[in-house]
>>> print(open('protein.csv').read())   # CSV, C-alpha atoms
chain,number,residue,atom,x,y,z
A,212,ASP,CA,-0.1,19.3,12.3
A,213,ARG,CA,0.6,17.4,9.0
A,214,MET,CA,-2.3,14.9,9.4
A,215,ASN,CA,-5.1,15.1,6.9
A,216,ASP,CA,-3.3,17.8,4.9
A,217,SER,CA,-4.1,18.3,1.2
A,218,ILE,CA,-7.5,16.5,1.3
A,219,ASN,CA,-10.1,17.6,-1.3
A,220,LEU,CA,-13.6,16.6,-0.3
A,221,ILE,CA,-15.8,16.3,-3.4
A,222,ASP,CA,-19.0,15.5,-1.6
A,223,GLY,CA,-18.1,17.1,1.7
A,224,GLU,CA,-17.4,13.9,3.6
A,225,LEU,CA,-14.0,12.8,5.0
A,226,PRO,CA,-13.8,9.0,5.5
A,227,ASP,CA,-13.6,8.1,9.1
A,228,GLY,CA,-10.4,6.2,9.8
A,229,PHE,CA,-8.4,7.9,7.0
A,230,SER,CA,-5.3,9.9,7.9
A,231,LEU,CA,-2.5,11.4,5.8
A,232,GLU,CA,0.9,12.6,6.9
A,233,HIS,CA,3.4,14.2,4.5
A,234,ASP,CA,7.3,14.1,4.5
A,235,THR,CA,7.5,11.1,6.9
A,236,VAL,CA,10.4,9.3,5.1
A,237,GLN,CA,14.0,10.7,5.2
A,238,PRO,CA,15.4,11.4,1.8
A,239,GLU,CA,18.5,9.2,2.6
A,240,ALA,CA,16.2,6.3,3.4
A,241,TRP,CA,14.3,6.7,0.1
A,242,ALA,CA,17.5,7.0,-1.9
A,243,LYS,CA,18.6,3.6,-0.6
A,244,ILE,CA,15.3,2.0,-1.2
A,245,GLU,CA,15.1,3.5,-4.7
A,246,GLN,CA,18.5,2.1,-5.5
A,247,TRP,CA,17.5,-1.3,-4.4
A,248,LEU,CA,14.2,-1.2,-6.4
A,249,SER,CA,15.8,0.0,-9.6
A,250,SER,CA,18.6,-2.6,-9.4
A,251,ASN,CA,16.2,-5.5,-9.4
A,252,MET,CA,19.1,-7.1,-7.5
A,253,LEU,CA,20.7,-8.4,-10.6
A,254,PRO,CA,23.5,-8.4,-9.6
A,255,PRO,CA,22.5,-8.0,-6.0
A,256,VAL,CA,22.8,-4.6,-4.5
A,257,PRO,CA,23.2,-4.7,-0.7
A,258,LEU,CA,20.3,-3.3,1.2
A,259,PRO,CA,21.3,-2.2,4.7
A,260,ASN,CA,19.4,-4.0,7.4
A,261,ALA,CA,18.3,-2.5,10.7
A,262,ASP,CA,21.7,-3.1,12.3
A,263,SER,CA,23.6,-1.4,9.5
A,264,ILE,CA,23.2,1.9,11.4
A,265,THR,CA,25.8,0.7,13.9
A,266,ASN,CA,27.7,-2.2,12.4
A,267,ASN,CA,27.3,-1.7,8.6
A,268,GLY,CA,25.7,-5.1,8.3
A,269,LEU,CA,24.1,-5.8,4.9
A,270,ASN,CA,21.2,-7.9,3.7
A,271,HIS,CA,21.1,-9.1,0.2
A,272,ALA,CA,17.4,-9.3,-0.6
A,273,PRO,CA,16.3,-10.3,-4.1
A,274,ILE,CA,13.0,-8.9,-5.2
A,275,PRO,CA,10.3,-11.4,-6.1
A,276,TRP,CA,8.7,-9.4,-8.8
A,277,GLU,CA,5.3,-10.4,-10.3
A,278,THR,CA,3.8,-8.7,-13.3
A,279,GLY,CA,1.1,-9.2,-15.9
A,280,SER,CA,-2.5,-8.4,-16.7
A,281,HIS,CA,-3.7,-9.6,-13.3
A,282,SER,CA,-1.9,-6.7,-11.7
A,283,GLN,CA,-2.9,-4.2,-14.4
A,284,GLY,CA,0.7,-4.3,-15.7
A,285,ARG,CA,2.3,-3.0,-12.5
A,286,LYS,CA,5.4,-4.7,-11.1
A,287,VAL,CA,4.4,-6.1,-7.7
A,288,ALA,CA,6.6,-7.7,-5.0
A,289,GLN,CA,5.2,-9.3,-1.8
A,290,PHE,CA,7.0,-10.1,1.5
A,291,GLY,CA,6.1,-11.6,4.8
A,292,ASN,CA,3.7,-14.2,6.2
A,293,CYS,CA,0.9,-13.8,3.6
A,294,LYS,CA,0.3,-12.6,0.1
A,295,TYR,CA,-2.4,-11.8,-2.4
A,296,ASP,CA,-2.6,-14.5,-5.1
A,297,TYR,CA,-3.7,-12.5,-8.1
A,298,VAL,CA,-4.3,-15.6,-10.2
A,299,ALA,CA,-6.5,-17.3,-7.7
A,300,ASP,CA,-8.0,-14.0,-6.6
A,301,GLU,CA,-7.6,-14.6,-2.9
A,302,ALA,CA,-5.4,-13.8,0.1
A,303,ILE,CA,-3.3,-16.7,1.4
A,304,PRO,CA,-0.8,-17.3,4.2
A,305,CYS,CA,2.7,-18.2,3.3
A,306,ASP,CA,6.1,-19.1,4.9
A,307,PRO,CA,7.6,-15.8,6.0
A,308,SER,CA,11.1,-17.2,5.7
A,309,ILE,CA,10.8,-17.5,1.9
A,310,ASN,CA,10.5,-13.7,1.3
A,311,PRO,CA,10.8,-12.0,4.7
A,312,ILE,CA,10.1,-8.2,4.9
A,313,PRO,CA,13.6,-6.6,4.4
A,314,ASP,CA,14.9,-5.4,7.7
A,315,TYR,CA,15.8,-2.0,6.3
A,316,ILE,CA,12.4,-1.5,4.8
A,317,ARG,CA,10.7,-2.3,8.1
A,318,HIS,CA,13.2,-0.2,10.1
A,319,SER,CA,13.3,2.9,8.0
A,320,LEU,CA,9.6,3.1,7.3
A,321,LEU,CA,7.8,1.5,10.3
A,322,CYS,CA,10.3,2.4,13.1
A,323,GLU,CA,11.8,5.7,12.0
A,324,ALA,CA,9.5,7.3,9.4
A,325,SER,CA,7.4,9.4,11.8
A,326,SER,CA,7.2,10.3,15.4
A,327,SER,CA,3.5,9.6,15.2
A,328,SER,CA,4.0,6.0,14.3
A,329,SER,CA,3.0,3.5,17.0
A,330,SER,CA,6.0,2.1,18.8
A,331,ASN,CA,4.9,-1.5,17.9
A,332,ASP,CA,4.4,-0.8,14.2
A,333,GLY,CA,7.5,-2.7,13.4
A,334,GLU,CA,5.9,-5.9,14.8
A,335,LYS,CA,2.3,-5.2,14.1
A,336,TYR,CA,2.5,-5.4,10.3
A,337,THR,CA,3.5,-8.8,9.0
A,338,GLN,CA,3.1,-8.3,5.2
A,339,CYS,CA,4.6,-5.8,2.8
A,340,ILE,CA,3.6,-5.3,-0.8
A,341,ILE,CA,5.5,-3.0,-3.2
A,342,ASN,CA,3.8,-1.6,-6.3
A,343,MET,CA,5.8,0.0,-9.1
A,344,TYR,CA,3.7,2.2,-11.4
A,345,GLU,CA,4.8,3.4,-14.8
A,346,ALA,CA,2.9,6.4,-16.3
A,347,ASP,CA,0.1,4.3,-17.7
A,348,ASN,CA,-0.4,2.0,-14.7
A,349,LEU,CA,-3.3,2.4,-12.3
A,350,ILE,CA,-5.3,0.6,-9.7
A,351,PRO,CA,-9.1,0.6,-10.3
A,352,TRP,CA,-11.6,0.6,-7.5
A,353,HIS,CA,-11.1,-2.0,-4.8
A,354,LEU,CA,-11.0,-2.9,-1.1
A,355,ASP,CA,-8.0,-4.7,0.3
A,356,HIS,CA,-8.9,-8.3,1.2
A,357,MET,CA,-10.4,-8.4,4.7
A,358,TYR,CA,-8.0,-11.3,5.6
A,359,PHE,CA,-5.3,-8.6,5.7
A,360,GLY,CA,-6.5,-7.1,9.0
A,361,PRO,CA,-8.1,-3.9,10.2
A,362,GLU,CA,-5.4,-1.4,9.1
A,363,VAL,CA,-3.6,-0.7,5.8
A,364,LEU,CA,-0.6,1.6,6.0
A,365,VAL,CA,0.7,2.9,2.7
A,366,TYR,CA,3.9,4.9,1.9
A,367,THR,CA,4.0,6.8,-1.4
A,368,PHE,CA,7.0,7.9,-3.5
A,369,GLY,CA,7.5,9.6,-6.8
A,370,GLU,CA,4.8,11.2,-8.8
A,371,VAL,CA,1.9,12.8,-6.9
A,372,ARG,CA,-1.3,11.1,-7.9
A,373,PRO,CA,-4.7,11.5,-6.3
A,374,LEU,CA,-5.9,8.7,-4.0
A,375,LEU,CA,-9.6,8.5,-4.9
A,376,LEU,CA,-12.1,7.1,-2.4
A,377,ARG,CA,-15.8,6.3,-2.7
A,378,LYS,CA,-18.7,4.5,-1.0
A,379,PRO,CA,-22.2,3.8,-2.2
A,380,VAL,CA,-24.6,6.3,-0.7
A,381,SER,CA,-26.7,3.6,1.0
A,382,ALA,CA,-23.8,1.4,1.9
A,383,ASP,CA,-22.8,0.2,5.4
A,384,ALA,CA,-19.9,-1.9,6.4
A,385,SER,CA,-21.7,-5.2,6.3
A,386,SER,CA,-23.1,-4.7,2.9
A,387,ILE,CA,-19.8,-3.6,1.4
A,388,GLU,CA,-17.9,-6.4,3.1
A,389,GLY,CA,-20.3,-9.0,1.9
A,390,ALA,CA,-20.2,-7.7,-1.7
A,391,ILE,CA,-16.5,-7.2,-2.3
A,392,SER,CA,-14.3,-8.2,0.6
A,393,ASN,CA,-13.5,-11.6,-1.0
A,394,SER,CA,-11.2,-9.9,-3.5
A,395,ASP,CA,-8.2,-7.7,-3.3
A,396,GLN,CA,-8.1,-7.6,-7.1
A,397,ALA,CA,-8.8,-4.1,-8.4
A,398,LYS,CA,-12.3,-3.7,-9.8
A,399,THR,CA,-12.8,-1.7,-13.0
A,400,THR,CA,-15.4,1.0,-13.3
A,401,ASN,CA,-17.3,-1.4,-15.7
A,402,GLY,CA,-18.1,-3.7,-12.7
A,403,SER,CA,-21.5,-4.4,-11.1
A,404,ASN,CA,-21.4,-1.2,-9.0
A,405,GLN,CA,-21.3,1.0,-12.2
A,406,SER,CA,-24.8,2.4,-11.7
A,407,ALA,CA,-24.6,3.0,-7.9
A,408,ASP,CA,-24.6,6.5,-6.5
A,409,TYR,CA,-21.4,7.2,-4.6
A,410,ILE,CA,-20.1,9.7,-2.1
A,411,HIS,CA,-16.6,10.7,-3.2
A,412,SER,CA,-13.4,12.0,-1.5
A,413,GLN,CA,-9.8,12.3,-2.6
A,414,ALA,CA,-6.4,13.1,-1.1
A,415,PHE,CA,-3.0,13.9,-2.6
A,416,PRO,CA,-0.2,12.0,-0.9
A,417,ARG,CA,3.1,13.6,-1.8
A,418,HIS,CA,6.5,12.0,-2.3
A,419,CYS,CA,7.7,10.4,1.0
A,420,SER,CA,4.3,10.6,2.5
A,421,LYS,CA,2.1,7.9,4.2
A,422,TYR,CA,-1.6,7.4,4.7
A,423,LEU,CA,-3.6,5.0,6.9
A,424,LEU,CA,-6.8,3.2,6.1
A,425,SER,CA,-8.7,2.0,9.2
A,426,GLY,CA,-12.3,1.6,10.3
A,427,PRO,CA,-14.8,2.7,7.6
A,428,ALA,CA,-12.0,4.0,5.4
A,429,ARG,CA,-10.6,0.5,5.4
A,430,GLU,CA,-13.9,-1.5,5.4
A,431,VAL,CA,-16.4,0.6,3.6
A,432,TRP,CA,-14.7,3.1,1.3
A,433,GLU,CA,-13.2,1.7,-1.9
A,434,HIS,CA,-10.0,3.4,-3.2
A,435,SER,CA,-8.2,3.7,-6.5
A,436,VAL,CA,-5.2,5.4,-8.1
A,437,PRO,CA,-5.4,6.7,-11.7
A,438,SER,CA,-2.7,6.6,-14.3
A,439,GLY,CA,-0.4,9.6,-14.5
A,440,GLU,CA,2.5,11.0,-16.3
A,441,GLY,CA,5.5,9.7,-14.3
A,442,LYS,CA,6.6,6.9,-12.1
A,443,ARG,CA,5.1,6.2,-8.7
A,444,VAL,CA,6.0,3.6,-6.0
A,445,SER,CA,3.8,2.5,-3.1
A,446,ILE,CA,5.0,0.4,-0.2
A,447,THR,CA,2.1,-1.0,1.8
A,448,PHE,CA,2.0,-2.8,5.1
A,449,ARG,CA,-0.7,-5.1,6.3
A,450,SER,CA,-1.2,-7.9,8.8
A,451,TRP,CA,-2.7,-11.4,8.4
A,452,ILE,CA,-5.8,-12.3,10.4
A,453,GLY,CA,-7.2,-14.9,8.0
A,454,PRO,CA,-10.8,-16.0,7.9
A,455,LYS,CA,-13.1,-15.2,10.8
>>> encode(input="protein.csv", output="structure tokens")
Amino acid sequence: DRMNDSINLIDGELPDGFSLEHDTVQPEAWAKIEQWLSSNMLPPVPLPNADSITNNGLNHAPIPWETGSHSQGRKVAQFGNCKYDYVADEAIPCDPSINPIPDYIRHSLLCEASSSSSSNDGEKYTQCIINMYEADNLIPWHLDHMYFGPEVLVYTFGEVRPLLLRKPVSADASSIEGAISNSDQAKTTNGSNQSADYIHSQAFPRHCSKYLLSGPAREVWEHSVPSGEGKRVSITFRSWIGPK
């Protein structure tokens, strides 16, 4: 059983709703994705779509990169029917035809990556965000915006960095949601929760691994990724539910 492997519990509590599975992406699939990402599609490098397995069809998919201080210097690309607006600091719906999730990304990760994946994962997730980390890039403490649905599925590639998780000792889902669910923007450790007492946990997703945040791990536990020494890529899938 590869689930929940390599988890280091600092305070002895594993977040409910957190699972980790290693080696879920085939090396060949990652090699094609890596080529696409490194090319920046200038000139376009064909990324095989789901049908290319049988008919060699190709999908030329330019990457809509964003970067700047609002994303802590990371290169970020978003696809699908919604996105996080880093400037306005909110989650918003958008036209999925403008930047659709590339077929090959959806197929190779959601449909083929693991036998434990739900059969409807390819349809369940309607948004994809790619984060490219250089050595000095990080994501400070945050919760993904609650408009993005009850599950967050993340694939990790490249350098192994710890996924840090924490929750205030006295927190429950409602208090955390009311305090910080209105922002997907990463919070720094100099924020208003600086003096709170936290319960901590951490995991170490390896290259070509995936982890799932659901339930309390999604709604209560903040997460962050520190800077490192090499390059890291995360490909995250979420779904749009909008305001309640």
>>> residues_around(input="protein.csv", residues="stretch 413-426 of chain A", least_positions_apart="4", cutoff="7 Å", atoms="only C-alpha atoms", output="ChimeraX atom specification")
/A:217-220,227-236,361-376,430
>>> atom_distance(input="protein.csv", atom1="atom CA of A:Gly439", atom2="atom CA of A:Met343")
12.6 Å
>>> closest_atom_pairs(input="protein.csv", of="stretch 294-369 of chain A", to="stretch 281-285 of chain A", cutoff="8 Å", atoms="all atoms listed in the file", output="tab-separated table")
residue	atom	partner	partner_atom	distance
A:Tyr297	CA	A:His281	CA	6.0
A:Val298	CA	A:His281	CA	6.8
A:Asn342	CA	A:Arg285	CA	6.5
A:Met343	CA	A:Arg285	CA	5.7
A:Tyr344	CA	A:Arg285	CA	5.5
A:Glu345	CA	A:Arg285	CA	7.2
A:Asn348	CA	A:Arg285	CA	6.1
A:Leu349	CA	A:Gln283	CA	6.9
A:Ile350	CA	A:Gln283	CA	7.1
>>> closest_residue(input="protein.csv", among="A:Pro226, A:Pro273, A:Pro454, A:Pro379", to="A:Ser412", atoms="only C-alpha atoms")
A:Pro226
>>> atom_distance(input="protein.csv", atom1="atom CA of A:Leu321", atom2="atom CA of A:Gln246")
19.1 Å
>>> atom_distance(input="protein.csv", atom1="atom CA of A:Trp451", atom2="atom CA of A:Gly360")
5.8 Å
>>> closest_residue(input="protein.csv", among="A:Leu225, A:Ala240, A:Cys293, A:Cys322", to="A:Trp432", atoms="only C-alpha atoms")
A:Leu225
>>> closest_residue(input="protein.csv", among="A:Asp408, A:Glu277, A:Asp355, A:Glu245", to="A:Thr447", atoms="all atoms listed in the file")
A:Asp355
>>> residues_near_point(input="protein.csv", point="(5.5, 0.6, -6.8)", cutoff="7 Å", atoms="all atoms listed in the file", output="list in words")
Lys286, Val287, Ile341, Asn342, Met343, Tyr344, Arg443, Val444, Ser445 and Ile446 of chain A
>>> build_atoms(input="protein.csv", residues="stretch 242-253 of chain A", atoms="all heavy atoms", output="short mmCIF file (atom, residue, chain, number, x, y, z; two decimals), keeping the file's coordinate frame")
data_model
loop_
_atom_site.label_atom_id
_atom_site.label_comp_id
_atom_site.auth_asym_id
_atom_site.auth_seq_id
_atom_site.Cartn_x
_atom_site.Cartn_y
_atom_site.Cartn_z
N ALA A 242 16.44 7.15 -0.89
CA ALA A 242 17.50 7.00 -1.90
C ALA A 242 18.01 5.54 -1.88
O ALA A 242 18.26 4.94 -2.94
CB ALA A 242 18.63 7.96 -1.64
N LYS A 243 18.17 4.96 -0.69
CA LYS A 243 18.60 3.60 -0.60
C LYS A 243 17.59 2.59 -1.09
O LYS A 243 17.91 1.62 -1.79
CB LYS A 243 19.03 3.26 0.85
CG LYS A 243 20.24 4.02 1.34
CD LYS A 243 20.51 3.76 2.81
CE LYS A 243 21.72 4.55 3.31
NZ LYS A 243 21.94 4.37 4.75
N ILE A 244 16.33 2.85 -0.74
CA ILE A 244 15.30 2.00 -1.20
C ILE A 244 15.12 2.06 -2.72
O ILE A 244 14.96 1.05 -3.41
CB ILE A 244 13.93 2.35 -0.52
CG1 ILE A 244 14.02 2.08 0.99
CG2 ILE A 244 12.76 1.56 -1.12
CD1 ILE A 244 12.84 2.61 1.79
N GLU A 245 15.20 3.28 -3.25
CA GLU A 245 15.10 3.50 -4.70
C GLU A 245 16.20 2.75 -5.45
O GLU A 245 15.96 2.13 -6.49
CB GLU A 245 15.10 4.96 -5.03
CG GLU A 245 14.90 5.25 -6.50
CD GLU A 245 14.92 6.74 -6.80
OE1 GLU A 245 15.62 7.48 -6.08
OE2 GLU A 245 14.23 7.15 -7.75
N GLN A 246 17.41 2.81 -4.91
CA GLN A 246 18.50 2.10 -5.50
C GLN A 246 18.27 0.61 -5.57
O GLN A 246 18.50 -0.07 -6.58
CB GLN A 246 19.83 2.40 -4.81
CG GLN A 246 21.04 1.69 -5.41
CD GLN A 246 22.28 1.83 -4.56
OE1 GLN A 246 22.20 2.16 -3.38
NE2 GLN A 246 23.44 1.56 -5.14
N TRP A 247 17.77 0.09 -4.47
CA TRP A 247 17.50 -1.30 -4.40
C TRP A 247 16.38 -1.73 -5.39
O TRP A 247 16.52 -2.72 -6.11
CB TRP A 247 17.01 -1.65 -2.96
CG TRP A 247 16.55 -3.05 -2.72
CD1 TRP A 247 17.26 -4.20 -2.88
CD2 TRP A 247 15.26 -3.43 -2.23
NE1 TRP A 247 16.49 -5.28 -2.51
CE2 TRP A 247 15.26 -4.84 -2.12
CE3 TRP A 247 14.11 -2.74 -1.87
CZ2 TRP A 247 14.15 -5.55 -1.67
CZ3 TRP A 247 13.02 -3.43 -1.42
CH2 TRP A 247 13.05 -4.83 -1.32
N LEU A 248 15.32 -0.93 -5.48
CA LEU A 248 14.20 -1.20 -6.40
C LEU A 248 14.67 -1.17 -7.85
O LEU A 248 14.31 -2.01 -8.66
CB LEU A 248 13.06 -0.29 -6.16
CG LEU A 248 12.34 -0.40 -4.81
CD1 LEU A 248 11.29 0.70 -4.69
CD2 LEU A 248 11.70 -1.76 -4.65
N SER A 249 15.44 -0.16 -8.19
CA SER A 249 15.80 0.00 -9.60
C SER A 249 16.86 -1.01 -10.03
O SER A 249 16.98 -1.31 -11.22
CB SER A 249 16.40 1.42 -9.80
OG SER A 249 17.57 1.62 -9.02
N SER A 250 17.58 -1.61 -9.08
CA SER A 250 18.60 -2.60 -9.40
C SER A 250 18.01 -3.94 -9.81
O SER A 250 18.63 -4.71 -10.52
CB SER A 250 19.56 -2.79 -8.26
OG SER A 250 18.91 -3.52 -7.23
N ASN A 251 16.79 -4.22 -9.28
CA ASN A 251 16.20 -5.50 -9.40
C ASN A 251 17.07 -6.63 -8.81
O ASN A 251 16.83 -7.81 -9.01
CB ASN A 251 15.87 -5.90 -10.87
CG ASN A 251 14.77 -5.04 -11.44
OD1 ASN A 251 13.83 -4.70 -10.74
ND2 ASN A 251 14.90 -4.68 -12.69
N MET A 252 18.13 -6.21 -8.12
CA MET A 252 19.10 -7.10 -7.50
C MET A 252 19.75 -8.06 -8.45
O MET A 252 20.07 -9.20 -8.14
CB MET A 252 18.32 -7.95 -6.38
CG MET A 252 17.68 -7.10 -5.32
SD MET A 252 18.86 -6.04 -4.46
CE MET A 252 19.79 -7.25 -3.54
N LEU A 253 19.99 -7.60 -9.65
CA LEU A 253 20.70 -8.40 -10.60
C LEU A 253 21.81 -7.52 -11.26
O LEU A 253 21.58 -6.77 -12.20
CB LEU A 253 19.75 -8.87 -11.75
CG LEU A 253 18.65 -9.82 -11.32
CD1 LEU A 253 17.68 -10.07 -12.48
CD2 LEU A 253 19.24 -11.14 -10.85
#
